[in-house]
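This report concerns only the one structure given below.
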Protein chains: 8
Amino acid sequence: MNPSQDIRLDFDRRNRMGLEEAILAGSKSVAHLTAILDQAAERKARFLFTRLDQAQFDALPEAHRTRLDYDPLSRTAWFGAPEPLRVQIRVGVVAAGTSDISVVREVTRTLAWYGEPALEITDVGVAGLWRLMERVEELQRLPVVVAVAGMDAALPTVVGGLLPGIVIGVPTSVGYGVAAGGHSALHSMLSSCAAGLVVTNIDNGFGAACAALRVLRSAR
Amino acid sequence: MNPSQDIRLDFDRRNRMGLEEAILAGSKSVAHLTAILDQAAERKARFLFTRLDQAQFDALPEAHRTRLDYDPLSRTAWFGAPEPLRVQIRVGVVAAGTSDISVVREVTRTLAWYGEPALEITDVGVAGLWRLMERVEELQRLPVVVAVAGMDAALPTVVGGLLPGIVIGVPTSVGYGVAAGGHSALHSMLSSCAAGLVVTNIDNGFGAACAALRVLRSAR
Amino acid sequence: MNPSQDIRLDFDRRNRMGLEEAILAGSKSVAHLTAILDQAAERKARFLFTRLDQAQFDALPEAHRTRLDYDPLSRTAWFGAPEPLRVQIRVGVVAAGTSDISVVREVTRTLAWYGEPALEITDVGVAGLWRLMERVEELQRLPVVVAVAGMDAALPTVVGGLLPGIVIGVPTSVGYGVAAGGHSALHSMLSSCAAGLVVTNIDNGFGAACAALRVLRSAR
Amino acid sequence: MNPSQDIRLDFDRRNRMGLEEAILAGSKSVAHLTAILDQAAERKARFLFTRLDQAQFDALPEAHRTRLDYDPLSRTAWFGAPEPLRVQIRVGVVAAGTSDISVVREVTRTLAWYGEPALEITDVGVAGLWRLMERVEELQRLPVVVAVAGMDAALPTVVGGLLPGIVIGVPTSVGYGVAAGGHSALHSMLSSCAAGLVVTNIDNGFGAACAALRVLRSAR
Amino acid sequence: MNPSQDIRLDFDRRNRMGLEEAILAGSKSVAHLTAILDQAAERKARFLFTRLDQAQFDALPEAHRTRLDYDPLSRTAWFGAPEPLRVQIRVGVVAAGTSDISVVREVTRTLAWYGEPALEITDVGVAGLWRLMERVEELQRLPVVVAVAGMDAALPTVVGGLLPGIVIGVPTSVGYGVAAGGHSALHSMLSSCAAGLVVTNIDNGFGAACAALRVLRSAR
Amino acid sequence: MNPSQDIRLDFDRRNRMGLEEAILAGSKSVAHLTAILDQAAERKARFLFTRLDQAQFDALPEAHRTRLDYDPLSRTAWFGAPEPLRVQIRVGVVAAGTSDISVVREVTRTLAWYGEPALEITDVGVAGLWRLMERVEELQRLPVVVAVAGMDAALPTVVGGLLPGIVIGVPTSVGYGVAAGGHSALHSMLSSCAAGLVVTNIDNGFGAACAALRVLRSAR
Amino acid sequence: MNPSQDIRLDFDRRNRMGLEEAILAGSKSVAHLTAILDQAAERKARFLFTRLDQAQFDALPEAHRTRLDYDPLSRTAWFGAPEPLRVQIRVGVVAAGTSDISVVREVTRTLAWYGEPALEITDVGVAGLWRLMERVEELQRLPVVVAVAGMDAALPTVVGGLLPGIVIGVPTSVGYGVAAGGHSALHSMLSSCAAGLVVTNIDNGFGAACAALRVLRSAR
Amino acid sequence: MNPSQDIRLDFDRRNRMGLEEAILAGSKSVAHLTAILDQAAERKARFLFTRLDQAQFDALPEAHRTRLDYDPLSRTAWFGAPEPLRVQIRVGVVAAGTSDISVVREVTRTLAWYGEPALEITDVGVAGLWRLMERVEELQRLPVVVAVAGMDAALPTVVGGLLPGIVIGVPTSVGYGVAAGGHSALHSMLSSCAAGLVVTNIDNGFGAACAALRVLRSAR
C-alpha cells in the first residue's frame, strides 16, 4: 500500500483555532513520516515535529533531513522557518533540576517556533528554596509561567503561591519507585494547594507551550 | 483546646498573588469553621467558602449563617459582598449535561465572587453534536472557556479543536463503572488530541475559575 | 521434548461457531509455531496468524515462510488462501491518525481473510471535526463501523452519536503519560455517552473484526 | 435559578441514529428530573429513564410518578408507552446467578421499551457447566446474546466459544475483594480467549441493549 | 463463645522494644474491646487506644468509659495515667491547615501518653510560605519534626530542605479527586527531593509518634 | 568485596519444613550465583535454581555449568541429582495453550526434582470446551491439579467445578492490553466461582509445585 | 415476576465434586433468598449461607429464620444439620489479632458444617513473635493450616517457613491507608518468600475452608 | 547551548541542614554530569553521585573518571575524599537475601561517605527465622537499623518488633508478578504491625542513609 494515502493533513487548522497542526512523530513509521514531509514540501507548508527520536530522524531521506532543524534533547524538529522572535519575554519556564531539561526544551522550542521567547530557569528545586526566591520578582512580571517538575512536584505549588499569572504545571516522568512514570508528580500538581494551577499530561511540554500561546494570543 | 488557636488566616494573599485565600470547608469541623468566621468578622474580611455541605452550613451559629450567601447546589458560600460584576463576558462555561451542573455552578459562583460574569451553556454533549455547533461562534469570541465533563470527557477535546482561546478542562466524578470517581474523564482530558488543553483536579470548579481569573488579570 | 506433542488444534471450530481458530503468535516459541504450521500443512488447513513479529517470521523454516502471506505492519499472516472478497462493502474502519494504522490493518486483514472488504478511513480525528463530517453519509449506510482510537479516544463517541449501525471501539496503546498503554482510551470508550458503543481489548483489531463477522453472518 | 433552563433535550436523536435519548437519572437532582418530565409531557415525547433510585422516584411530583412505569429492581422507568413487542425472540440474556439479576433486567426492560422480547436465562454459572449445556441449542439460534457476569466472568468466554452470533459481555459490580466494583470481571471479558466478544462498561445493561438494537436494526 | 478467650495481650512488649502494645480499636467489636479492658483492669496495665470511634466509645460499659481519657478529635483514649511530661520540647509537629488536625492530635496525644511534649504548628501551608518561614528557627533546634500533610504534600519537602533533624512525613487522607484517600500525598512524600525524609502509612499519626519515641529513646 | 561473604544458605530447611531452599536466580549477579554454587559444591548439597536466564547460565564458570541440568524453556536448573521418580502420577498440570508452556514446565521440572511425576495436558482452553471434557475423567482421579492460565483465566474455574481434588491456579503474564502482566488472570482466579480454588503469584510455577508437594507429603 | 423462577439450584454438585453448592447471600434480594430457602425446604436439602448480613437475616420469613443456625460474627447460616464432627483435628486456623476474627470464624464455621473440627489460634502477630513460637509444635503436626492476616500479612510467610503442611493464606480487608481493602495483605501473601504458600481472595474464609476440605478429602 | 549554564549547585546545603547536595545521576545526560564535575572540581567541592550507571560512568571524560571512586554494584561514586570513618558502629543494615544487595550497598556507601560505619547483615529472610534470631542481640544495641526487603517485605515487621531503635524500611523492586517494581513491599512496610516503622521510596538506599544520618547528627 501507499503510505501517502493514509495521510490527510489539516492545513487549515491555524485559521480555525490559531495554531497549525503539529506532528507527534513517536508512534509513526518512517514511511508515514516521509509521506507527511513529502506533502508538506509540496504544499510549501511548515510543520513542527515532536517526539521525533534520533533513530527516526536518522532514518529519514537525506533531502528531508537536511531541511529539518532538529534538536535531539527535546526531540523536536522544525520543517520550515520559525516565526520571528518577539522582543518582549512573556513566558517563564522553571524546573527543579537538569533531569527535567528535555521537557523544558520542548516547551521553549515550541514557543520559539511561534516566535515567543522564554525566560528559562532550571535548578530551582524547593529543597533549596533560596534559589527560587532570588528569581521571584522576575517571574512575577510575566503573564504565563510553565513549571516543569518530576518526583514530588512541590515546585509548581510554591510557584503558584508566589505569582499572580497563570501557572501551567508539566509533570515529568523522571524518577523511580512510586515516582516512576510521572504519575506521582501529576497527582501532586492536580491536588495542589495553590489555587488555579492547571496541568498537562506527563512530559507534555508541547501542550504547555500551546496553552501559553492560547493565553497570549486570545488575551490581546 | 481552643479551635481559634489552630487558625491563622492568610489575609495578605491578595496583595501577593491577586486572589484572597478561600476556605475549603469539606474536611473542617464546625468548630474550626466557626473560628474562621469569627476571625473574618472581626477583621471585616471577606471570604469564599467551597465544599460547604448543607449539614455543615446548618450547624453554623445563626449569626454567621444569616450573613452567608449560601448556594447548596455548588456548595459555595460568600461571606461579605462579591465584587461588582463586569459588564463584558469574557469566560464561557460549557458542560455535556445536567449531571455536571453542580461543578458548573462552582465555576460561575467563584467567578461571580470576583466580579466576572460567565456565559453558561449546559447540555452540549458531543453525542448530539449539533447542540454544540449552534454555539461555537459565541464561544470563539471568548478568551477563556471552561469545559466541564465526566464519563468519556470528549467535549473538551472537541471544544479545544474549535476555539482559539485557552480551554480549561474540569473532569467530574459523575459516572459509574470505569468512570466512577472521574479518573476516566481526567485521563481522557490529559491525553486530549486538542493541543494546549489544560486540566484541573476532578470536580475542581473553584480551581478552574481561579485559573481563568489568573489569565484575565495578568493579561491586562 | 517434542513441541508438536504440546499442540492440539481446534480444526472443528468453524463448524461450531462460524470462525476458524486463529493463532496468537506473540508469546509462542518458534518451535511451537513451526509445529503448528507442520500440522496445518499436513491437514491442508488454512490459518490466520496474529501478532507475528518480524523476528518470529524471519526465524520460521523457509518452506513455511514462503507459503505465508505476511504483512509486517499489522503483524498478520495468512496460511492458505483467503476467502474470495464480497463485492458489497458492509464494514467501515475509522481512525484518528496514522499512529493507529497498524491496528486498523489488523482489522482489515482479518476481515479480508474472511472475504469481507472494508471502507478504511484514517486521519479523521475530532480535533479537526470537518474531516469526519465529510465522510458521515458514507458511514451511515454501513451496518458495522469499527472505530480505532488511542489517547482520549473521543472519536468513537462522536461516531456513535452520528451513526445508526453497531459501532465497535478498539482502544490503542498509542500515547504517553496517562495515555501510555491504552487504558485511558479504553476507559474513555467504556464510559462513552454514545449509547450502545461496545469495546474490545486494547489493540485487539482481530477481535473487532471477529465481532463484525459475527454480526454480519448471524444477521443473515 | 430555574432548573428547566439548564435542560435541552435531544428530541431528534431517533431520526439521526435510530434510538431516542435516554435519561441517566443517577446523578441528577429531583428538580432537574422534574423539569425533564415537564418538557417531555409538554412535547408528548416518550422517554426511558435508567438508574432511577427508589428514593428519586418517590420524590417526584405525583402527577409524573403515576405516569411512569417504574421497576425498582432494574431502576428503569418508562414515560409513555413502550413499542409493541415483536413476536419472534432474537436476543438472549444469560447470567451466572441471581446476584446479577438487576443488570439482566436493565437489559430486558430496555429491549422491551423498543419492542424487542428476550430469552432470559439466569443461573447458568460455569462452575456447574451442565446447566448451560442444556440451553446451548436454544441460544445458538439467536443473532445476539448478552452475557451478564460478575466475579471471574468466565461465562461470556464459554458462551462465546459455543455460539455463532454476536456476544455482548456486561461485567457486573457484584463481588468482594479483588472482584469488588467489577473491574476483575471487566478485564476478564476484555481478555477473553473467545474471539469477537465485545464488552460494555460495568453494570451497563442499558448499553448492551442499545448495542443489540443497533445490530438488529441496521442488519435488516 | 467467650470473647475474652480470643485475646492474649503482649504485656511484656515494653521490656522487649521500649513501647507498650497499643490497641487499634477501629476494626474490633465492642465485645472484644470490653474483654481487652477487663484484662487490662485486672492486670492493672495501662493502654493507649487508637482509632476508637465515638460510637465504639459510647457503647463501652460505663465502668470502663469513666476510666478512659477519651479525645474524639484524635479518636485516642488513655486507660491509666500517662507518663509525666518532660520539660524540654524535643518534637515539632507541623501541618498545612486545620483539615489535618485530627492526625496532628493523634501524634501529640501519643507523644503525651509517653511523657513527650510537642511544639504544634498548624496552618503553615507552602502556598503561603511566609507563615512557615517565621517558625523555621524554632524548628531547626528540634531533633525530630513530624510533618502532617494531605493533597500535594509539598510541606514535608520544604521542611526537609530547611531542617537538620529527622523529618517524619505523615500523609493524610484529606482531599478529593486524585487526592482522595491520601495516596497522592503519600507518593509525593516518598518521592520527595528532600534527602532523608521518611514516611508512615496514610493518617498514621500514632506510627509517627512511635518513630519519634524510638529516635529519642535509643539515641540517649 | 568477596561475594561469598554475602551468602549464608539454609542447608537445614528440608528438616524443618520438608523442602530444601531453592535459589531464585533472576535478580542475582553472576558473582553471587557462582558463590552459591561454590558453597553447594563444597557442602555436596543439591539445589534447584529457578528463573535462571540463558544469559546468566552462559556466564557461569564452565565447571559449574557442566554440572547443571539446565532447561531454558522453564529457566530451571538442577544442581545434583533429582529424587527418583515415583511410579504413580498424583498431580495434573493443565493449560489453555502453548503460550503458557514455560510456566507449565516450571511446575513439572520442580515436581520432577522432588521425584513427583505429572500428567501434563496443554491446549485445553475453554473456548473449545470439548478438548477439556475428553480428559476430565483422568483428572478427577488425581488429588492435586495445577491449572495454568493467562488472559481471562476461565480454565481454573471450569476445572474447579469439575474435579474434587485441590486445584491450584497459576496466572501467567501472557497477554496484552488489560491482560498484560497477568493481573487480569490473577484477579479472575481469585474471584472464581469455583469454591476452594487457591492461587499463587503470577508465573509462579515453582510455588504451585511446592504447594502440591506440601499437600502430598503432609497428607500421607 | 416470580423470584422462584430465577432460581435453579445445583442439587447434584456434591456427587460431582464433593461439596454442595453454598449460597453467597451478600448481593441477593430477600425475595430471592426466600425462594432459595423455599426450594431447599421442599427438596429437604441442606445449605450453607455465607455473607448473610444481620439485616438480611432479620428480613427473612420467620419460618425460615427459626430453622437457620445463624452466626452474626461470621455472617454464616446453616440450613439443615451440619455433618457430625470428626474427633481428630486436622486443620489449624491462625490469625494475628482479634480484628481478623470474623474471617477466622467463617473458616471454622464452614469446616464445622462439613464435620471438620479446627484448632483456632488468634493473637499470634509476628510483631510479638514469642506468641507464635509457643504454638509451632502443635501446628507442625497438622496437614493443613489456614493463616488469616490483614495489614502487612507477615504471619503467613513466617508460618509457611516453619510448617511442612499446606498453608492457605486468607488476606483480610482490615486496615487503613495503603492497607485499606486488603490488597496490601493479598499482594504480600502472593509474593511471599515461603515456598508453596497459596492464597484466596480477600476475606474469603469460605474458600479457604473449601480448599482445606478438598485437600483432606481427596488425599484419603 | 552550553550545558554548564543549566547547572547551579547548592554548595551551601551542608551549612543549612547538615548534608551536602548529592547528584542523582540516573536521568542526567553525560554533558550535564560533566558540567557538574567541572564546577565541583573548580570549587574544590566534594560530591556523592547516586544511580550512576556503568554506561554513564564509562562515558565521562577520563580526567573526571579517574578521580571518582565508583562502585558499580551500588551505582554510587565519590568525588573527593569521604569523611574519616568513626570507630563505633551505630547503624545496622539487614536484608533478606543477596537479591537486595545493590540497595544495601547504596546505604552503606552513603553512610561511609559521611564517615559512618555500618554492620551489614544479609541473608536473614524470615522464611528461615533462626538466621535473624542469632543476630538480634547485636542489633538491639544499635540506635538505627535499616531493613532492606523486597517481595512480601516481612523482615522489617519482624525486626521492628524485636528492636527498640528506629527502624527504617527500604522496599526493593526485586520480584515478579504482583511484587514487580516493589509496590507490594512498599505497601507491606507502610501497613506494618510493628509500631513506628518508617519507610523510604522503593530502592532508595540513599534516602535511608540520609535519614540515619539525620537521626545520629541531631540527636547528639
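Numbering starts fresh at 1 for the residues of each chain in the C-alpha cells, the chains themselves are lettered A, B, ... in the order given, and ligands are numbered from 1 as they appear.
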Nearby residues (only C-alpha atoms) at most 7 Å from region 87-101 of chain H, same-chain spacing under 3 positions excluded, as a list in words =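 In the requested format, the answer is Asp6, Ile7, Ser27 and Lys28 of chain F; Val104, Arg105, Pro117, Ala118, Leu119, Glu120, Ile121, Thr122, Asp123, Val124, Gly125, Leu139, Leu142, Pro143, Val144, Val145, Val146, Ala147, Val148, Ala149, Leu155, Thr172 and Val174 of chain H.
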message = I need the chain E residues near chain A as JSON, numbers by chain; criterion: at most 10 Å, counting only C-alpha atoms.
response = {"E": [96, 125, 126, 127, 128, 129, 150, 151, 152, 153, 154, 155, 156, 157, 158, 159, 160, 161, 162, 175, 176, 177, 178, 179, 180, 183, 184, 185, 186, 187, 188, 189, 190, 191, 192, 193, 194, 195]}
Contact residues around Leu85 (chain H) with only C-alpha atoms at 7 Å, ignoring same-chain residues under 5 positions, as a PDB file with N, CA, C and O atoms, in the first residue's frame:
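Contents of out_14.pdb, freshly written:
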ATOM      1  N   ALA H 112      29.226   5.578  54.591  1.00  0.00           N
ATOM      2  CA  ALA H 112      30.684   5.657  54.639  1.00  0.00           C
ATOM      3  C   ALA H 112      31.178   7.012  54.128  1.00  0.00           C
ATOM      4  O   ALA H 112      32.174   7.560  54.615  1.00  0.00           O
ATOM      5  N   GLY H 115      31.355   9.079  56.862  1.00  0.00           N
ATOM      6  CA  GLY H 115      32.183   8.613  57.964  1.00  0.00           C
ATOM      7  C   GLY H 115      31.493   7.685  58.943  1.00  0.00           C
ATOM      8  O   GLY H 115      31.997   7.437  60.038  1.00  0.00           O
ATOM      9  N   GLU H 116      30.341   7.169  58.528  1.00  0.00           N
ATOM     10  CA  GLU H 116      29.551   6.348  59.444  1.00  0.00           C
ATOM     11  C   GLU H 116      29.688   4.883  59.059  1.00  0.00           C
ATOM     12  O   GLU H 116      29.195   4.466  57.998  1.00  0.00           O
ATOM     13  N   PRO H 117      30.357   4.043  59.862  1.00  0.00           N
ATOM     14  CA  PRO H 117      30.467   2.629  59.529  1.00  0.00           C
ATOM     15  C   PRO H 117      29.150   1.914  59.824  1.00  0.00           C
ATOM     16  O   PRO H 117      28.319   2.427  60.583  1.00  0.00           O
TER      17      PRO H 117
END
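For the residues D:Ser173, D:Thr66, D:Ser74, D:Thr200, ranking by smallest atom-to-atom distance to Thr108 (chain D) using only C-alpha atoms places D:Ser74 first.
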Near-region 53-60 of chain E list (12 Å; only C-alpha atoms; drop same-chain fewer than 2 positions) as a PyMOL selection string = chain E and resi 24-38+49-51+62-78
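Coordinates place CA of Thr110 (chain A) at a distance of 20.2 Å from CA of Val215 (chain B).
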query = Which residues, written as a PyMOL selection string, have at least one atom at most 10 Å from Arg217 (chain E), with only C-alpha atoms counted and residues fewer than 2 positions away on the same chain left out?
reply = (chain E and resi 18+211-215+219-220) or (chain H and resi 143+164-166)
Create the file for the chosen residues now, containing C-alpha atoms and written as a PDB file, in the first residue's frame.
ATOM      1  CA  GLY E  18      10.520   0.074  74.649  1.00  0.00           C
ATOM      2  CA  ALA E 211       9.028   6.537  65.429  1.00  0.00           C
ATOM      3  CA  ALA E 212       9.809   9.815  67.194  1.00  0.00           C
ATOM      4  CA  LEU E 213       9.926   7.978  70.526  1.00  0.00           C
ATOM      5  CA  ARG E 214      12.244   5.307  69.083  1.00  0.00           C
ATOM      6  CA  VAL E 215      14.608   8.043  67.916  1.00  0.00           C
ATOM      7  CA  ALA E 219      19.604   7.987  70.952  1.00  0.00           C
ATOM      8  CA  ARG E 220      20.156   8.676  74.621  1.00  0.00           C
TER       9      ARG E 220
ATOM     10  CA  PRO H 143      20.165   3.232  67.672  1.00  0.00           C
ATOM     11  CA  PRO H 164      13.989  -0.621  70.414  1.00  0.00           C
ATOM     12  CA  GLY H 165      15.797   1.695  67.957  1.00  0.00           C
ATOM     13  CA  ILE H 166      14.389   3.476  64.954  1.00  0.00           C
TER      14      ILE H 166
END
